[in-house]
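Notes follow once the structure below has been shown.
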Amino acid sequence: MDLTGKVALVTGSSRGIGAGIIRGLAAHGAICVVNYVADAAGRNLADAQSVAHDSGAGLVVEADVSNHARVGAAMEEITARLGGIDILVNNAGILRDRTIRKMTPDDFHAVVQVNLGGAFNTLQHATSLLRPGGRIVNIASVAGFMGFFGQANYASAKAGLVALTKVAAREFARQRITVNCVAPGFVETEIIKEMPAEVTARFLEQIPLGRIGRIEDVVNAVCFLCAPQSDYVTGQTIHVNGGFYM
């Protein structure tokens with residue numbers, strides 16, 4: 001999977017799955033752009049710089065993907081510094097889990113605005129910046145298909161992202177740009193590691209392959225969808241969940 005010279009922007013890539021995707025694309029030759037959102041403690045910037053250093057990334061950019069104007073400015077900076085964008089991976093996301101009874105309107109709208117609205121913002125700016133023959137991969141979730149308890153906001157946003165992917169696949173096809181989804185199941189990230197052991201055990205009982213997913217499991221699917229080998233694949237969702245959802 002040769003991505004030599006391709007410029008790849010991965011949103012929300014200062015840690016976790018996003019950081020793994022940066023490392024995976026860079027290993028295949030891509031010039032990567034690490035994205036983070038500023039926080040008071042400065043942890044996100046420090047993590048983003050660490051990912052960039054480890055992967056040899058070409059650029060680190062700050063942008064809250066829910067801010068339409070800031071996304072546009074970030075993409076213009078990438079184009080000015082690196083000449084254009086060939087690969088866009090919409091990975092940025094947040095969680096605010098609560099039951100519908102307890103969820104505030106802000107809890108709902110904030111999650112939808114980042115997880116779904118953020119992808120729309122990057123896609124809209126990418127219509128004029130992404131080079132012909134490019135690749136777009138949206139990171140959805142098994143939650144968008146199964147609707148987990150307490151995730152009315154998150155599950156709705158991820159389900160919407162699948163639909164947005166199909167629309168974008170039709171619209172970007174005229175530029176020979178493919179648009180696909182990867183929907184991870186339970187993956188070894190900070191959130192999963194913080195789950196109580198008994199909760200993790202219950203989920204493991206429902207996964208036919210008998211293990212929690214690794215970040216590289218998701219990365220491999222994303223890299224395939226960004227590579228020349230997937231040139232005739234668009235509008236699709238690849239589930240990476242060990243058989244948890246079929």
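FYI, nothing fancy with the structure tokens labels: chains A, B, ... in order, residues from 1 per chain, ligands from 1 as they appear.
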Return as JSON lines the residues of range 87-122 of chain A lying at most 10 Å from range 155-172 of chain A, together with the closest atom-to-atom pair for each and the distance in Å to one decimal, counting only C-alpha atoms, with rows in chain order and ascending residue number.
```
{"residue": "A:Asn90", "atom": "CA", "partner": "A:Leu161", "partner_atom": "CA", "distance": 9.8}
{"residue": "A:Gly93", "atom": "CA", "partner": "A:Lys158", "partner_atom": "CA", "distance": 9.6}
{"residue": "A:Phe108", "atom": "CA", "partner": "A:Ser156", "partner_atom": "CA", "distance": 9.3}
{"residue": "A:His109", "atom": "CA", "partner": "A:Ala157", "partner_atom": "CA", "distance": 9.6}
{"residue": "A:Val111", "atom": "CA", "partner": "A:Ala157", "partner_atom": "CA", "distance": 7.3}
{"residue": "A:Val112", "atom": "CA", "partner": "A:Ala157", "partner_atom": "CA", "distance": 5.0}
{"residue": "A:Gln113", "atom": "CA", "partner": "A:Ala157", "partner_atom": "CA", "distance": 8.2}
{"residue": "A:Val114", "atom": "CA", "partner": "A:Ala157", "partner_atom": "CA", "distance": 8.7}
{"residue": "A:Asn115", "atom": "CA", "partner": "A:Ala157", "partner_atom": "CA", "distance": 5.9}
{"residue": "A:Leu116", "atom": "CA", "partner": "A:Ala157", "partner_atom": "CA", "distance": 5.2}
{"residue": "A:Gly117", "atom": "CA", "partner": "A:Ala157", "partner_atom": "CA", "distance": 8.5}
{"residue": "A:Ala119", "atom": "CA", "partner": "A:Leu161", "partner_atom": "CA", "distance": 7.7}
{"residue": "A:Phe120", "atom": "CA", "partner": "A:Leu164", "partner_atom": "CA", "distance": 7.9}
```
Just C-alpha atoms for this one: save the residues we selected as a PDB file, in the first residue's frame.
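Result went into result.pdb, see below:
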```pdb
ATOM      1  CA  ASN A  90     -12.642  12.252  10.017  1.00  0.00           C
ATOM      2  CA  GLY A  93     -15.168  12.797  18.415  1.00  0.00           C
ATOM      3  CA  PHE A 108     -26.854  16.176  22.891  1.00  0.00           C
ATOM      4  CA  HIS A 109     -25.948  19.050  20.591  1.00  0.00           C
ATOM      5  CA  VAL A 111     -21.697  15.530  20.689  1.00  0.00           C
ATOM      6  CA  VAL A 112     -23.649  15.765  17.442  1.00  0.00           C
ATOM      7  CA  GLN A 113     -21.870  18.987  16.467  1.00  0.00           C
ATOM      8  CA  VAL A 114     -18.397  17.473  16.913  1.00  0.00           C
ATOM      9  CA  ASN A 115     -18.973  13.896  15.753  1.00  0.00           C
ATOM     10  CA  LEU A 116     -21.279  14.643  12.832  1.00  0.00           C
ATOM     11  CA  GLY A 117     -21.084  18.396  12.296  1.00  0.00           C
ATOM     12  CA  ALA A 119     -17.236  15.774   9.556  1.00  0.00           C
ATOM     13  CA  PHE A 120     -19.611  17.953   7.547  1.00  0.00           C
TER      14      PHE A 120
END
```
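Excluding Ile215 in chain A itself and any same-chain residue fewer than 6 positions from it, the protein and nucleic acid residues within 10 Å of it, counting only C-alpha atoms, are Gly16, Ile17, Gly18, Ala19, Gly20, Ile21, Pro184, Phe186, Val187, Glu188 and Thr189 of chain A.
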Now that the selection is made, can you save its residues with N, CA and C atoms as a PDB file, in the first residue's frame?
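result_13.pdb written:
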```
ATOM      1  N   GLY A  16      -4.925   7.993  20.878  1.00  0.00           N
ATOM      2  CA  GLY A  16      -5.918   6.964  20.586  1.00  0.00           C
ATOM      3  C   GLY A  16      -5.908   6.488  19.146  1.00  0.00           C
ATOM      4  N   ILE A  17      -7.097   6.214  18.617  1.00  0.00           N
ATOM      5  CA  ILE A  17      -7.224   5.697  17.256  1.00  0.00           C
ATOM      6  C   ILE A  17      -6.665   6.681  16.243  1.00  0.00           C
ATOM      7  N   GLY A  18      -6.918   7.972  16.442  1.00  0.00           N
ATOM      8  CA  GLY A  18      -6.413   8.972  15.501  1.00  0.00           C
ATOM      9  C   GLY A  18      -4.902   8.967  15.404  1.00  0.00           C
ATOM     10  N   ALA A  19      -4.232   8.875  16.557  1.00  0.00           N
ATOM     11  CA  ALA A  19      -2.769   8.814  16.556  1.00  0.00           C
ATOM     12  C   ALA A  19      -2.285   7.547  15.869  1.00  0.00           C
ATOM     13  N   GLY A  20      -2.993   6.440  16.083  1.00  0.00           N
ATOM     14  CA  GLY A  20      -2.641   5.187  15.414  1.00  0.00           C
ATOM     15  C   GLY A  20      -2.764   5.294  13.912  1.00  0.00           C
ATOM     16  N   ILE A  21      -3.804   5.995  13.449  1.00  0.00           N
ATOM     17  CA  ILE A  21      -3.999   6.178  12.005  1.00  0.00           C
ATOM     18  C   ILE A  21      -2.863   7.016  11.420  1.00  0.00           C
ATOM     19  N   PRO A 184     -15.580   0.939  14.117  1.00  0.00           N
ATOM     20  CA  PRO A 184     -14.952   0.076  15.125  1.00  0.00           C
ATOM     21  C   PRO A 184     -15.962  -0.403  16.168  1.00  0.00           C
ATOM     22  N   PHE A 186     -15.407  -2.473  20.094  1.00  0.00           N
ATOM     23  CA  PHE A 186     -14.693  -2.129  21.319  1.00  0.00           C
ATOM     24  C   PHE A 186     -13.196  -2.247  21.073  1.00  0.00           C
ATOM     25  N   VAL A 187     -12.496  -1.135  21.230  1.00  0.00           N
ATOM     26  CA  VAL A 187     -11.074  -1.058  20.909  1.00  0.00           C
ATOM     27  C   VAL A 187     -10.320  -0.568  22.141  1.00  0.00           C
ATOM     28  N   GLU A 188      -9.102  -1.058  22.306  1.00  0.00           N
ATOM     29  CA  GLU A 188      -8.282  -0.722  23.473  1.00  0.00           C
ATOM     30  C   GLU A 188      -7.821   0.731  23.439  1.00  0.00           C
ATOM     31  N   THR A 189      -8.704   1.628  23.869  1.00  0.00           N
ATOM     32  CA  THR A 189      -8.373   3.038  24.017  1.00  0.00           C
ATOM     33  C   THR A 189      -8.488   3.394  25.498  1.00  0.00           C
TER      34      THR A 189
END
```
Residue among A:Pro132, A:Gly5, A:Gly24, A:Gly243 lying closest to Ile212 in chain A, counting only C-alpha atoms | A:Gly243
Find the residues near Gly210 in chain A: any atom within 12 Å, counting only C-alpha atoms, skip ones fewer than 3 places away on the same chain, and give them as a PyMOL selection string.
-> chain A and resi 186+200-207+213+241-244
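Interatomic distance, CA of Gly150 in chain A to CA of Pro105 in chain A: 14.0 Å.
Around Asn35 in chain A, within 9 Å and counting only C-alpha atoms, the residues found are A:Leu9, A:Val10, A:Thr11, A:Gly12, A:Ser13, A:Ser14, A:Gly18, A:Leu45, A:Ala48, A:Leu59, A:Val60, A:Val61, A:Glu62, A:Ala63, A:Asp64, A:Ala92, once anything fewer than 6 positions away on its own chain is removed.
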Can you spit out the residues from that selection as a PDB file, in the first residue's frame, using N, CA and C atoms?
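Wrote part_32.pdb, looks like this:
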```pdb
ATOM      1  N   LEU A   9      -4.699  14.355   6.220  1.00  0.00           N
ATOM      2  CA  LEU A   9      -5.164  15.032   7.426  1.00  0.00           C
ATOM      3  C   LEU A   9      -6.044  14.073   8.217  1.00  0.00           C
ATOM      4  N   VAL A  10      -5.698  13.852   9.482  1.00  0.00           N
ATOM      5  CA  VAL A  10      -6.494  13.015  10.371  1.00  0.00           C
ATOM      6  C   VAL A  10      -6.973  13.891  11.515  1.00  0.00           C
ATOM      7  N   THR A  11      -8.267  14.114  11.611  1.00  0.00           N
ATOM      8  CA  THR A  11      -8.777  14.958  12.688  1.00  0.00           C
ATOM      9  C   THR A  11      -8.780  14.187  14.007  1.00  0.00           C
ATOM     10  N   GLY A  12      -8.599  14.927  15.098  1.00  0.00           N
ATOM     11  CA  GLY A  12      -8.580  14.289  16.406  1.00  0.00           C
ATOM     12  C   GLY A  12      -7.500  13.242  16.538  1.00  0.00           C
ATOM     13  N   SER A  13      -6.273  13.606  16.161  1.00  0.00           N
ATOM     14  CA  SER A  13      -5.213  12.590  16.060  1.00  0.00           C
ATOM     15  C   SER A  13      -4.098  12.765  17.074  1.00  0.00           C
ATOM     16  N   SER A  14      -4.387  13.424  18.189  1.00  0.00           N
ATOM     17  CA  SER A  14      -3.346  13.615  19.199  1.00  0.00           C
ATOM     18  C   SER A  14      -3.138  12.378  20.065  1.00  0.00           C
ATOM     19  N   GLY A  18      -6.918   7.972  16.442  1.00  0.00           N
ATOM     20  CA  GLY A  18      -6.413   8.972  15.501  1.00  0.00           C
ATOM     21  C   GLY A  18      -4.902   8.967  15.404  1.00  0.00           C
ATOM     22  N   LEU A  45      -1.935  19.477  22.843  1.00  0.00           N
ATOM     23  CA  LEU A  45      -0.808  19.961  22.032  1.00  0.00           C
ATOM     24  C   LEU A  45       0.419  19.094  22.262  1.00  0.00           C
ATOM     25  N   ALA A  48      -0.062  15.816  20.564  1.00  0.00           N
ATOM     26  CA  ALA A  48       0.010  15.969  19.108  1.00  0.00           C
ATOM     27  C   ALA A  48       1.451  16.107  18.644  1.00  0.00           C
ATOM     28  N   LEU A  59       3.127  18.258   9.707  1.00  0.00           N
ATOM     29  CA  LEU A  59       2.514  19.467  10.236  1.00  0.00           C
ATOM     30  C   LEU A  59       1.600  19.110  11.409  1.00  0.00           C
ATOM     31  N   VAL A  60       1.505  20.032  12.370  1.00  0.00           N
ATOM     32  CA  VAL A  60       0.541  19.923  13.472  1.00  0.00           C
ATOM     33  C   VAL A  60      -0.359  21.151  13.396  1.00  0.00           C
ATOM     34  N   VAL A  61      -1.673  20.952  13.377  1.00  0.00           N
ATOM     35  CA  VAL A  61      -2.606  22.079  13.297  1.00  0.00           C
ATOM     36  C   VAL A  61      -3.650  21.990  14.398  1.00  0.00           C
ATOM     37  N   GLU A  62      -3.953  23.127  14.991  1.00  0.00           N
ATOM     38  CA  GLU A  62      -5.012  23.211  15.995  1.00  0.00           C
ATOM     39  C   GLU A  62      -6.311  23.599  15.305  1.00  0.00           C
ATOM     40  N   ALA A  63      -7.364  22.849  15.569  1.00  0.00           N
ATOM     41  CA  ALA A  63      -8.676  23.206  15.035  1.00  0.00           C
ATOM     42  C   ALA A  63      -9.753  22.402  15.734  1.00  0.00           C
ATOM     43  N   ASP A  64     -10.733  23.098  16.257  1.00  0.00           N
ATOM     44  CA  ASP A  64     -11.941  22.468  16.769  1.00  0.00           C
ATOM     45  C   ASP A  64     -12.829  22.203  15.562  1.00  0.00           C
ATOM     46  N   ALA A  92     -12.214  12.826  14.677  1.00  0.00           N
ATOM     47  CA  ALA A  92     -12.474  13.590  15.891  1.00  0.00           C
ATOM     48  C   ALA A  92     -13.849  13.265  16.468  1.00  0.00           C
TER      49      ALA A  92
END
```
How would you write, as a ChimeraX atom specification, the set of residues in range 12-221 of chain A that DSSP gives as strand (DSSP E or B)?
-> /A:31-36,59-62,85-90,98,130-139,151,178-184,187,213
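The closest residue to Leu129 in chain A, picked from A:Met103, A:Ile94, A:Leu82, A:Met75 and counting only C-alpha atoms, is A:Met75.
Using only C-alpha atoms, the residues found no farther than 10 Å from Tyr245 in chain A, other than those of its own chain fewer than 6 positions away, are A:Val142, A:Ala143, A:Phe145, A:Met146, A:Pro184, A:Gly185, A:Gln206, A:Ile207, A:Pro208, A:His239.
Running DSSP on the backbone and keeping only helix (DSSP H, G or I), the residues of range 27-87 of chain A that qualify are Ala27, Arg43, Asn44, Leu45, Ala46, Asp47, Ala48, Gln49, Ser50, Val51, Ala52, His53, Asp54, Ser55, His68, Ala69, Arg70, Val71, Gly72, Ala73, Ala74, Met75, Glu76, Glu77, Ile78, Thr79, Ala80, Arg81 and Leu82 of chain A.
Minimum distance to Ile238 in chain A across A:Ala173, A:Val137, A:Met195, A:Val65 (counting only C-alpha atoms) occurs at A:Val137.
If you look at CA of Asn180 in chain A and CA of Gly235 in chain A, they are 5.0 Å away from each other.
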Hey, what's within 10 Å of Arg98 in chain A if we count only C-alpha atoms and toss same-chain stuff fewer than 3 positions away? As a PyMOL selection string, please?
-> chain A and resi 95+101-104+107-108+149-153
What does the file look like for those residues with C-alpha atoms, as an mmCIF file, in the first residue's frame?
```cif
data_model
loop_
_atom_site.group_PDB
_atom_site.id
_atom_site.type_symbol
_atom_site.label_atom_id
_atom_site.label_comp_id
_atom_site.auth_asym_id
_atom_site.auth_seq_id
_atom_site.Cartn_x
_atom_site.Cartn_y
_atom_site.Cartn_z
ATOM 1 C CA LEU A 95 -18.533 11.380 24.437
ATOM 2 C CA ARG A 101 -33.952 11.398 30.902
ATOM 3 C CA LYS A 102 -30.749 12.975 32.249
ATOM 4 C CA MET A 103 -29.123 14.217 29.030
ATOM 5 C CA THR A 104 -29.134 17.989 28.679
ATOM 6 C CA ASP A 107 -24.943 17.228 25.976
ATOM 7 C CA PHE A 108 -26.854 16.176 22.891
ATOM 8 C CA PHE A 149 -27.929 2.557 26.402
ATOM 9 C CA GLY A 150 -27.021 6.112 27.413
ATOM 10 C CA GLN A 151 -25.709 7.119 23.983
ATOM 11 C CA ALA A 152 -28.630 8.876 22.316
ATOM 12 C CA ASN A 153 -26.285 11.662 21.220
#
```
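Minimum atom-to-atom distances from A:Ile100, A:Cys226, A:Ala52, A:Ala197 to Ile136 in chain A were compared using only C-alpha atoms, and the lowest value belongs to A:Cys226.
If only C-alpha atoms are the atoms counted, then among A:Asn121, A:Gln236, A:Asn220, A:Gln229 the closest residue to Arg23 in chain A is A:Asn220.
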